[in-house]
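Asks: Okay, handing you the structure first.
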Number of protein chains: 2
Amino acid sequence: MKTEILSKQDLLKYWQGQRSLTRKVIEAFPESDLFNFSIGGMRPFAAMCSELIGIAVPSLTSITTNKPIKLDEKSKFTTKEELLMQWDNDTANINALFPKISDAQFQQRFVLFGEYDFKIQQHLFYFIDNEIHHRGQAYVYLRALGIEPPFFWETL
Amino acid sequence: MKTEILSKQDLLKYWQGQRSLTRKVIEAFPESDLFNFSIGGMRPFAAMCSELIGIAVPSLTSITTNKPIKLDEKSKFTTKEELLMQWDNDTANINALFPKISDAQFQQRFVLFGEYDFKIQQHLFYFIDNEIHHRGQAYVYLRALGIEPPFFWETL
């Protein structure tokens, strides 16, 4: 039997490992800096988190129900505590939705948010890349604030 | 036959797509800022690139020859042009070395740099994550310098 280089379970674990590190980065921010601090005209990290939240569970819902959705990046949280609660709810929702995608589906194309037409595996890696990208930016914010960020390899 | 959620070829294409975007980010930096600009006591982007270069081809060489190596993050370049030349040489070397890893090997453990004991697929994703992470930091540097970075989704 051919060995898979990455199983569906590996991919879920990998994604959740990244999400677990992002949660630590959210926690590392002082509340007001989370919502207000920025560099070079970029968004504060809370707004980036709002984007990540607008992508993850809504995309999995769209893929697993085969229903189109619109991208909604508006925050449903106004405090760090609410953001962390939403993050944890999403962790559970991702664990529930992800297994509903069949192995075969990962190589099939799917139009997300009415415009992004890629293979489902490509969408998944985009979600993860985009999160690592913004979290990397949050590391610079933390360093600029004189705060030691979590270790990058703490993804579990 | 069971469908792979990600083929070996998909993973190589994904990695090289990320490397292609990182190359554009290197190009976007003015020469002196590439080597000198930093925020919050972090390294300039050239030093981060030197780390990425110290990981990618040396790791693949170690894995495909089954020989231990030491991590060497020292720059072998002193100009942006030399860095880009090294980047392009590495692109070719990665394309040559990557196919030598068998599918079965991806799920096998390998000790890299004398201490990191993970499955080969986990090493590969770490290389990619680490690159996206530092490139995300370079986006903040560029924004702080008033320079528009390349579009994040330009990974091809």
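Chain labels run A, B, ... following the order of the structure tokens; each chain numbers its residues from 1, and ligands are numbered from 1 in the order shown.
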Can you provide chain A as a CSV table (one decimal) with N, CA and C atoms, in the first residue's frame, superposed onto chain B by least squares across all C-alpha atoms matched in order?

Replies:
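Saved to superposed.csv:
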chain,number,residue,atom,x,y,z
A,1,MET,N,-8.7,3.0,-5.2
A,1,MET,CA,-7.5,3.5,-4.6
A,1,MET,C,-7.7,4.7,-3.8
A,2,LYS,N,-7.1,4.7,-2.6
A,2,LYS,CA,-7.2,5.9,-1.7
A,2,LYS,C,-6.6,7.1,-2.3
A,3,THR,N,-7.3,8.2,-2.3
A,3,THR,CA,-6.7,9.5,-2.8
A,3,THR,C,-5.8,10.1,-1.7
A,4,GLU,N,-4.7,10.5,-2.1
A,4,GLU,CA,-3.8,11.3,-1.2
A,4,GLU,C,-4.3,12.7,-1.0
A,5,ILE,N,-4.4,13.2,0.2
A,5,ILE,CA,-4.8,14.5,0.3
A,5,ILE,C,-3.8,15.5,-0.2
A,6,LEU,N,-2.5,15.1,-0.2
A,6,LEU,CA,-1.4,15.9,-0.7
A,6,LEU,C,-0.4,15.0,-1.2
A,7,SER,N,0.0,15.2,-2.5
A,7,SER,CA,1.0,14.4,-3.1
A,7,SER,C,2.4,15.0,-2.8
A,8,LYS,N,3.4,14.2,-3.1
A,8,LYS,CA,4.8,14.7,-2.9
A,8,LYS,C,5.0,15.9,-3.8
A,9,GLN,N,4.5,15.8,-5.0
A,9,GLN,CA,4.6,16.9,-6.0
A,9,GLN,C,3.9,18.1,-5.6
A,10,ASP,N,2.7,17.9,-5.0
A,10,ASP,CA,1.9,19.1,-4.4
A,10,ASP,C,2.8,19.8,-3.4
A,11,LEU,N,3.4,19.0,-2.5
A,11,LEU,CA,4.2,19.6,-1.4
A,11,LEU,C,5.4,20.4,-1.9
A,12,LEU,N,6.1,19.8,-2.9
A,12,LEU,CA,7.2,20.6,-3.5
A,12,LEU,C,6.7,21.9,-4.2
A,13,LYS,N,5.6,21.8,-4.9
A,13,LYS,CA,5.1,23.0,-5.6
A,13,LYS,C,4.7,24.0,-4.6
A,14,TYR,N,4.1,23.6,-3.5
A,14,TYR,CA,3.7,24.5,-2.4
A,14,TYR,C,4.9,25.2,-1.8
A,15,TRP,N,5.9,24.4,-1.5
A,15,TRP,CA,7.1,25.0,-0.9
A,15,TRP,C,7.8,26.0,-1.9
A,16,GLN,N,7.9,25.6,-3.1
A,16,GLN,CA,8.6,26.5,-4.1
A,16,GLN,C,7.7,27.7,-4.3
A,17,GLY,N,6.4,27.6,-4.2
A,17,GLY,CA,5.5,28.7,-4.4
A,17,GLY,C,5.8,29.7,-3.2
A,18,GLN,N,6.0,29.2,-2.0
A,18,GLN,CA,6.3,30.1,-0.9
A,18,GLN,C,7.7,30.7,-1.1
A,19,ARG,N,8.6,29.9,-1.6
A,19,ARG,CA,10.0,30.5,-1.8
A,19,ARG,C,10.0,31.5,-2.9
A,20,SER,N,9.1,31.4,-3.9
A,20,SER,CA,9.0,32.4,-4.9
A,20,SER,C,8.5,33.7,-4.4
A,21,LEU,N,7.5,33.6,-3.4
A,21,LEU,CA,7.1,34.9,-2.8
A,21,LEU,C,8.1,35.5,-1.9
A,22,THR,N,8.9,34.7,-1.2
A,22,THR,CA,9.9,35.2,-0.3
A,22,THR,C,11.0,35.9,-1.2
A,23,ARG,N,11.3,35.4,-2.4
A,23,ARG,CA,12.2,36.0,-3.3
A,23,ARG,C,11.7,37.4,-3.7
A,24,LYS,N,10.4,37.6,-3.9
A,24,LYS,CA,9.9,38.9,-4.3
A,24,LYS,C,10.0,39.8,-3.1
A,25,VAL,N,9.9,39.3,-1.9
A,25,VAL,CA,10.0,40.2,-0.7
A,25,VAL,C,11.5,40.6,-0.5
A,26,ILE,N,12.4,39.7,-0.8
A,26,ILE,CA,13.8,40.1,-0.8
A,26,ILE,C,14.1,41.2,-1.8
A,27,GLU,N,13.5,41.1,-3.0
A,27,GLU,CA,13.7,42.1,-4.0
A,27,GLU,C,13.1,43.4,-3.6
A,28,ALA,N,12.0,43.4,-2.9
A,28,ALA,CA,11.3,44.6,-2.5
A,28,ALA,C,12.1,45.5,-1.6
A,29,PHE,N,13.1,44.9,-0.8
A,29,PHE,CA,13.9,45.7,0.1
A,29,PHE,C,15.0,46.5,-0.6
A,30,PRO,N,15.1,47.8,-0.2
A,30,PRO,CA,16.3,48.5,-0.6
A,30,PRO,C,17.5,47.8,0.0
A,31,GLU,N,18.6,47.8,-0.7
A,31,GLU,CA,19.8,47.0,-0.3
A,31,GLU,C,20.2,47.2,1.2
A,32,SER,N,20.4,48.5,1.6
A,32,SER,CA,20.9,48.7,2.9
A,32,SER,C,19.9,48.3,4.0
A,33,ASP,N,18.6,48.5,3.7
A,33,ASP,CA,17.6,48.1,4.7
A,33,ASP,C,17.5,46.6,4.8
A,34,LEU,N,17.8,45.9,3.7
A,34,LEU,CA,17.8,44.4,3.8
A,34,LEU,C,18.8,43.9,4.8
A,35,PHE,N,19.9,44.6,4.9
A,35,PHE,CA,21.0,44.2,5.8
A,35,PHE,C,21.0,44.9,7.1
A,36,ASN,N,20.3,46.0,7.2
A,36,ASN,CA,20.4,46.8,8.5
A,36,ASN,C,19.1,47.1,9.2
A,37,PHE,N,18.0,47.2,8.4
A,37,PHE,CA,16.8,47.7,9.1
A,37,PHE,C,16.2,46.6,10.0
A,38,SER,N,15.8,47.0,11.2
A,38,SER,CA,15.1,46.1,12.1
A,38,SER,C,14.2,46.8,13.1
A,39,ILE,N,13.3,46.1,13.7
A,39,ILE,CA,12.4,46.6,14.7
A,39,ILE,C,12.5,45.8,16.0
A,40,GLY,N,12.5,46.5,17.1
A,40,GLY,CA,12.4,45.8,18.4
A,40,GLY,C,13.5,44.9,18.7
A,41,GLY,N,14.7,45.2,18.2
A,41,GLY,CA,15.9,44.3,18.5
A,41,GLY,C,15.9,43.0,17.7
A,42,MET,N,15.0,42.9,16.7
A,42,MET,CA,15.0,41.7,15.9
A,42,MET,C,16.1,41.7,14.8
A,43,ARG,N,16.3,40.6,14.1
A,43,ARG,CA,17.4,40.6,13.1
A,43,ARG,C,16.9,41.3,11.8
A,44,PRO,N,17.8,41.9,11.1
A,44,PRO,CA,17.4,42.4,9.7
A,44,PRO,C,17.0,41.2,8.9
A,45,PHE,N,16.2,41.4,7.8
A,45,PHE,CA,15.7,40.3,7.0
A,45,PHE,C,16.8,39.5,6.3
A,46,ALA,N,17.9,40.1,6.0
A,46,ALA,CA,19.0,39.3,5.4
A,46,ALA,C,19.5,38.2,6.3
A,47,ALA,N,19.5,38.5,7.6
A,47,ALA,CA,20.0,37.5,8.6
A,47,ALA,C,18.9,36.4,8.7
A,48,MET,N,17.6,36.7,8.6
A,48,MET,CA,16.6,35.7,8.6
A,48,MET,C,16.7,34.8,7.3
A,49,CYS,N,17.0,35.5,6.2
A,49,CYS,CA,17.2,34.7,4.9
A,49,CYS,C,18.4,33.8,5.1
A,50,SER,N,19.4,34.2,5.7
A,50,SER,CA,20.6,33.4,6.0
A,50,SER,C,20.2,32.1,6.8
A,51,GLU,N,19.3,32.3,7.7
A,51,GLU,CA,18.8,31.2,8.5
A,51,GLU,C,18.0,30.2,7.6
A,52,LEU,N,17.1,30.8,6.7
A,52,LEU,CA,16.3,29.9,5.8
A,52,LEU,C,17.2,29.2,4.9
A,53,ILE,N,18.3,29.8,4.4
A,53,ILE,CA,19.2,29.2,3.5
A,53,ILE,C,20.0,28.1,4.2
A,54,GLY,N,20.3,28.3,5.5
A,54,GLY,CA,21.1,27.4,6.3
A,54,GLY,C,20.2,26.1,6.6
A,55,ILE,N,18.9,26.2,6.5
A,55,ILE,CA,18.0,25.1,6.8
A,55,ILE,C,17.7,24.3,5.5
A,56,ALA,N,17.2,24.9,4.5
A,56,ALA,CA,16.6,24.2,3.4
A,56,ALA,C,17.5,23.2,2.7
A,57,VAL,N,18.5,23.6,1.9
A,57,VAL,CA,19.3,22.6,1.2
A,57,VAL,C,20.1,21.7,2.1
A,58,PRO,N,20.7,22.3,3.1
A,58,PRO,CA,21.5,21.4,4.1
A,58,PRO,C,20.6,20.3,4.7
A,59,SER,N,19.4,20.6,5.0
A,59,SER,CA,18.5,19.6,5.6
A,59,SER,C,18.1,18.5,4.5
A,60,LEU,N,17.8,18.9,3.3
A,60,LEU,CA,17.5,18.0,2.3
A,60,LEU,C,18.7,17.1,2.0
A,61,THR,N,19.9,17.7,2.0
A,61,THR,CA,21.1,16.9,1.8
A,61,THR,C,21.3,15.9,2.9
A,62,SER,N,21.1,16.3,4.1
A,62,SER,CA,21.2,15.4,5.3
A,62,SER,C,20.2,14.3,5.2
A,63,ILE,N,19.0,14.6,4.9
A,63,ILE,CA,17.9,13.6,4.8
A,63,ILE,C,18.2,12.6,3.7
A,64,THR,N,18.6,13.1,2.5
A,64,THR,CA,18.7,12.2,1.3
A,64,THR,C,20.0,11.4,1.3
A,65,THR,N,21.0,11.9,2.1
A,65,THR,CA,22.3,11.1,2.2
A,65,THR,C,22.4,10.4,3.5
A,66,ASN,N,21.4,10.7,4.4
A,66,ASN,CA,21.4,10.1,5.8
A,66,ASN,C,22.7,10.4,6.5
A,67,LYS,N,23.2,11.6,6.4
A,67,LYS,CA,24.4,12.1,7.1
A,67,LYS,C,24.0,13.2,8.0
A,68,PRO,N,24.5,13.2,9.3
A,68,PRO,CA,24.2,14.3,10.2
A,68,PRO,C,24.9,15.6,9.7
A,69,ILE,N,24.3,16.7,10.0
A,69,ILE,CA,24.9,18.0,9.7
A,69,ILE,C,24.7,19.0,10.9
A,70,LYS,N,25.5,20.0,10.9
A,70,LYS,CA,25.4,21.1,11.9
A,70,LYS,C,24.6,22.2,11.3
A,71,LEU,N,23.8,22.9,12.1
A,71,LEU,CA,23.1,24.1,11.6
A,71,LEU,C,24.1,25.3,11.4
A,72,ASP,N,24.2,25.8,10.3
A,72,ASP,CA,25.1,27.0,10.0
A,72,ASP,C,24.3,28.1,9.4
A,73,GLU,N,24.1,29.1,10.2
A,73,GLU,CA,23.2,30.3,9.8
A,73,GLU,C,24.0,31.4,9.3
A,74,LYS,N,25.4,31.2,9.2
A,74,LYS,CA,26.2,32.4,8.8
A,74,LYS,C,26.0,32.7,7.3
A,75,SER,N,25.9,34.0,7.0
A,75,SER,CA,25.7,34.4,5.6
A,75,SER,C,26.9,34.0,4.7
A,76,LYS,N,26.6,33.6,3.5
A,76,LYS,CA,27.6,33.4,2.5
A,76,LYS,C,27.5,34.5,1.5
A,77,PHE,N,26.6,35.5,1.8
A,77,PHE,CA,26.4,36.6,0.8
A,77,PHE,C,26.6,37.9,1.5
A,78,THR,N,27.0,38.9,0.8
A,78,THR,CA,27.2,40.3,1.3
A,78,THR,C,26.4,41.3,0.6
A,79,THR,N,25.7,40.9,-0.5
A,79,THR,CA,24.9,41.9,-1.3
A,79,THR,C,23.5,41.2,-1.6
A,80,LYS,N,22.6,42.1,-2.0
A,80,LYS,CA,21.3,41.5,-2.3
A,80,LYS,C,21.4,40.6,-3.6
A,81,GLU,N,22.2,41.0,-4.5
A,81,GLU,CA,22.4,40.2,-5.7
A,81,GLU,C,22.9,38.8,-5.4
A,82,GLU,N,23.9,38.8,-4.5
A,82,GLU,CA,24.5,37.5,-4.1
A,82,GLU,C,23.4,36.6,-3.4
A,83,LEU,N,22.6,37.3,-2.5
A,83,LEU,CA,21.5,36.6,-1.8
A,83,LEU,C,20.6,36.0,-2.8
A,84,LEU,N,20.2,36.8,-3.8
A,84,LEU,CA,19.2,36.3,-4.8
A,84,LEU,C,19.8,35.2,-5.7
A,85,MET,N,21.1,35.3,-5.9
A,85,MET,CA,21.8,34.2,-6.7
A,85,MET,C,21.8,32.9,-5.9
A,86,GLN,N,22.1,33.0,-4.6
A,86,GLN,CA,22.1,31.8,-3.7
A,86,GLN,C,20.6,31.3,-3.6
A,87,TRP,N,19.6,32.2,-3.5
A,87,TRP,CA,18.2,31.7,-3.5
A,87,TRP,C,17.9,30.9,-4.7
A,88,ASP,N,18.3,31.4,-5.9
A,88,ASP,CA,18.0,30.7,-7.1
A,88,ASP,C,18.7,29.3,-7.2
A,89,ASN,N,20.0,29.3,-6.8
A,89,ASN,CA,20.7,28.0,-6.8
A,89,ASN,C,20.0,27.0,-5.9
A,90,ASP,N,19.5,27.5,-4.7
A,90,ASP,CA,18.8,26.6,-3.8
A,90,ASP,C,17.5,26.1,-4.4
A,91,THR,N,16.8,27.0,-5.2
A,91,THR,CA,15.6,26.5,-5.8
A,91,THR,C,15.9,25.3,-6.7
A,92,ALA,N,17.0,25.4,-7.5
A,92,ALA,CA,17.3,24.3,-8.3
A,92,ALA,C,17.8,23.1,-7.5
A,93,ASN,N,18.5,23.3,-6.4
A,93,ASN,CA,19.0,22.2,-5.6
A,93,ASN,C,17.8,21.5,-4.9
A,94,ILE,N,16.8,22.3,-4.4
A,94,ILE,CA,15.6,21.7,-3.8
A,94,ILE,C,14.9,20.8,-4.8
A,95,ASN,N,14.7,21.3,-6.0
A,95,ASN,CA,14.1,20.6,-7.1
A,95,ASN,C,14.8,19.2,-7.4
A,96,ALA,N,16.1,19.2,-7.2
A,96,ALA,CA,16.9,18.0,-7.5
A,96,ALA,C,16.8,17.1,-6.3
A,97,LEU,N,16.9,17.6,-5.1
A,97,LEU,CA,17.0,16.7,-3.9
A,97,LEU,C,15.6,16.2,-3.4
A,98,PHE,N,14.6,17.0,-3.5
A,98,PHE,CA,13.3,16.7,-2.9
A,98,PHE,C,12.8,15.3,-3.5
A,99,PRO,N,12.8,15.1,-4.8
A,99,PRO,CA,12.3,13.8,-5.3
A,99,PRO,C,13.0,12.6,-4.8
A,100,LYS,N,14.2,12.8,-4.3
A,100,LYS,CA,14.9,11.6,-3.7
A,100,LYS,C,14.4,11.1,-2.4
A,101,ILE,N,13.5,11.9,-1.8
A,101,ILE,CA,12.9,11.4,-0.5
A,101,ILE,C,11.7,10.5,-1.0
A,102,SER,N,11.7,9.3,-0.5
A,102,SER,CA,10.6,8.4,-0.9
A,102,SER,C,9.3,8.8,-0.1
A,103,ASP,N,8.1,8.4,-0.7
A,103,ASP,CA,6.9,8.7,0.0
A,103,ASP,C,6.9,8.1,1.4
A,104,ALA,N,7.4,6.9,1.5
A,104,ALA,CA,7.4,6.2,2.8
A,104,ALA,C,8.2,7.0,3.9
A,105,GLN,N,9.3,7.6,3.4
A,105,GLN,CA,10.2,8.3,4.3
A,105,GLN,C,9.5,9.5,5.0
A,106,PHE,N,8.5,10.1,4.3
A,106,PHE,CA,7.8,11.3,4.9
A,106,PHE,C,7.2,11.0,6.3
A,107,GLN,N,6.8,9.7,6.5
A,107,GLN,CA,6.2,9.4,7.8
A,107,GLN,C,7.3,8.8,8.8
A,108,GLN,N,8.5,8.8,8.3
A,108,GLN,CA,9.6,8.3,9.2
A,108,GLN,C,10.3,9.4,10.0
A,109,ARG,N,10.7,9.1,11.1
A,109,ARG,CA,11.4,10.1,11.9
A,109,ARG,C,12.9,10.3,11.4
A,110,PHE,N,13.4,11.5,11.7
A,110,PHE,CA,14.8,11.8,11.3
A,110,PHE,C,15.3,12.9,12.2
A,111,VAL,N,16.5,12.7,12.7
A,111,VAL,CA,17.1,13.7,13.6
A,111,VAL,C,17.9,14.7,12.8
A,112,LEU,N,17.4,15.9,12.8
A,112,LEU,CA,18.0,17.0,12.0
A,112,LEU,C,18.9,17.8,13.0
A,113,PHE,N,20.0,18.3,12.4
A,113,PHE,CA,20.9,19.2,13.1
A,113,PHE,C,21.3,18.6,14.5
A,114,GLY,N,21.4,17.3,14.6
A,114,GLY,CA,21.8,16.7,15.8
A,114,GLY,C,20.8,16.7,17.0
A,115,GLU,N,19.6,17.3,16.8
A,115,GLU,CA,18.8,17.4,17.9
A,115,GLU,C,17.3,17.4,17.6
A,116,TYR,N,16.8,17.7,16.4
A,116,TYR,CA,15.4,17.8,16.2
A,116,TYR,C,14.9,16.5,15.6
A,117,ASP,N,14.2,15.7,16.5
A,117,ASP,CA,13.7,14.4,16.1
A,117,ASP,C,12.2,14.4,15.8
A,118,PHE,N,11.9,14.5,14.5
A,118,PHE,CA,10.5,14.6,14.0
A,118,PHE,C,10.4,13.7,12.8
A,119,LYS,N,9.1,13.5,12.4
A,119,LYS,CA,8.8,12.9,11.1
A,119,LYS,C,9.3,13.8,10.0
A,120,ILE,N,9.7,13.3,8.9
A,120,ILE,CA,10.2,14.1,7.8
A,120,ILE,C,9.2,15.1,7.3
A,121,GLN,N,7.9,14.6,7.2
A,121,GLN,CA,6.8,15.6,6.8
A,121,GLN,C,6.8,16.8,7.8
A,122,GLN,N,7.0,16.5,9.1
A,122,GLN,CA,7.0,17.6,10.1
A,122,GLN,C,8.1,18.5,9.9
A,123,HIS,N,9.3,18.0,9.6
A,123,HIS,CA,10.4,18.8,9.3
A,123,HIS,C,10.1,19.8,8.1
A,124,LEU,N,9.6,19.2,7.0
A,124,LEU,CA,9.3,19.9,5.8
A,124,LEU,C,8.3,21.1,6.1
A,125,PHE,N,7.2,20.8,6.9
A,125,PHE,CA,6.3,21.8,7.2
A,125,PHE,C,6.9,22.9,8.1
A,126,TYR,N,7.8,22.4,9.0
A,126,TYR,CA,8.5,23.4,9.8
A,126,TYR,C,9.4,24.4,8.9
A,127,PHE,N,10.0,23.9,7.9
A,127,PHE,CA,10.8,24.7,7.0
A,127,PHE,C,9.9,25.8,6.4
A,128,ILE,N,8.8,25.3,6.0
A,128,ILE,CA,7.8,26.2,5.3
A,128,ILE,C,7.2,27.3,6.3
A,129,ASP,N,6.8,26.8,7.4
A,129,ASP,CA,6.2,27.7,8.4
A,129,ASP,C,7.2,28.7,8.8
A,130,ASN,N,8.4,28.3,9.1
A,130,ASN,CA,9.5,29.2,9.6
A,130,ASN,C,9.7,30.3,8.5
A,131,GLU,N,9.7,29.9,7.3
A,131,GLU,CA,9.9,30.9,6.2
A,131,GLU,C,8.7,31.9,6.1
A,132,ILE,N,7.5,31.4,6.2
A,132,ILE,CA,6.3,32.2,6.2
A,132,ILE,C,6.3,33.2,7.4
A,133,HIS,N,6.7,32.7,8.6
A,133,HIS,CA,6.8,33.4,9.8
A,133,HIS,C,7.8,34.6,9.6
A,134,HIS,N,9.0,34.3,9.2
A,134,HIS,CA,10.0,35.4,9.0
A,134,HIS,C,9.6,36.4,7.9
A,135,ARG,N,9.0,35.8,6.8
A,135,ARG,CA,8.6,36.7,5.7
A,135,ARG,C,7.5,37.6,6.2
A,136,GLY,N,6.6,37.1,7.1
A,136,GLY,CA,5.5,38.0,7.6
A,136,GLY,C,6.1,39.1,8.4
A,137,GLN,N,7.3,38.8,9.1
A,137,GLN,CA,8.0,39.9,9.8
A,137,GLN,C,8.6,40.9,8.8
A,138,ALA,N,9.1,40.4,7.7
A,138,ALA,CA,9.6,41.3,6.7
A,138,ALA,C,8.5,42.2,6.1
A,139,TYR,N,7.3,41.7,6.1
A,139,TYR,CA,6.2,42.6,5.6
A,139,TYR,C,6.1,43.8,6.5
A,140,VAL,N,6.2,43.6,7.8
A,140,VAL,CA,6.1,44.7,8.8
A,140,VAL,C,7.3,45.7,8.5
A,141,TYR,N,8.5,45.1,8.3
A,141,TYR,CA,9.6,46.0,8.1
A,141,TYR,C,9.4,46.8,6.8
A,142,LEU,N,8.9,46.2,5.8
A,142,LEU,CA,8.6,46.9,4.5
A,142,LEU,C,7.5,48.0,4.8
A,143,ARG,N,6.5,47.7,5.5
A,143,ARG,CA,5.4,48.7,5.7
A,143,ARG,C,6.0,49.8,6.6
A,144,ALA,N,6.8,49.5,7.6
A,144,ALA,CA,7.4,50.5,8.4
A,144,ALA,C,8.3,51.4,7.6
A,145,LEU,N,8.9,50.9,6.5
A,145,LEU,CA,9.8,51.7,5.6
A,145,LEU,C,9.0,52.4,4.5
A,146,GLY,N,7.6,52.2,4.6
A,146,GLY,CA,6.8,52.9,3.6
A,146,GLY,C,6.8,52.2,2.2
A,147,ILE,N,7.2,50.9,2.2
A,147,ILE,CA,7.2,50.2,0.9
A,147,ILE,C,6.1,49.2,0.9
A,148,GLU,N,5.4,49.2,-0.2
A,148,GLU,CA,4.3,48.2,-0.5
A,148,GLU,C,4.8,46.8,-0.7
A,149,PRO,N,4.5,45.9,0.2
A,149,PRO,CA,5.0,44.5,-0.1
A,149,PRO,C,4.3,43.8,-1.2
A,150,PRO,N,4.8,42.7,-1.8
A,150,PRO,CA,4.1,41.9,-2.8
A,150,PRO,C,2.8,41.4,-2.2
A,151,PHE,N,1.9,41.1,-3.1
A,151,PHE,CA,0.6,40.5,-2.6
A,151,PHE,C,0.9,39.1,-2.0
A,152,PHE,N,0.3,38.9,-0.8
A,152,PHE,CA,0.6,37.6,0.0
A,152,PHE,C,0.2,36.4,-0.8
A,153,TRP,N,-0.8,36.5,-1.7
A,153,TRP,CA,-1.3,35.3,-2.4
A,153,TRP,C,-0.5,35.0,-3.7
A,154,GLU,N,0.5,35.8,-3.9
A,154,GLU,CA,1.4,35.6,-5.1
A,154,GLU,C,2.4,34.5,-4.8
A,155,THR,N,1.9,33.3,-4.6
A,155,THR,CA,2.9,32.2,-4.3
A,155,THR,C,3.2,31.4,-5.5
A,156,LEU,N,2.8,31.9,-6.7
A,156,LEU,CA,3.2,31.1,-7.9
A,156,LEU,C,3.8,32.0,-8.9

Asks: For the structure I just gave you, how does DSSP split chain B - specifically, which residues are alpha helix (DSSP H)? Reply as number ranges by chain.

Replies: B: 8-28, 31-36, 45-65, 80-97, 120-144
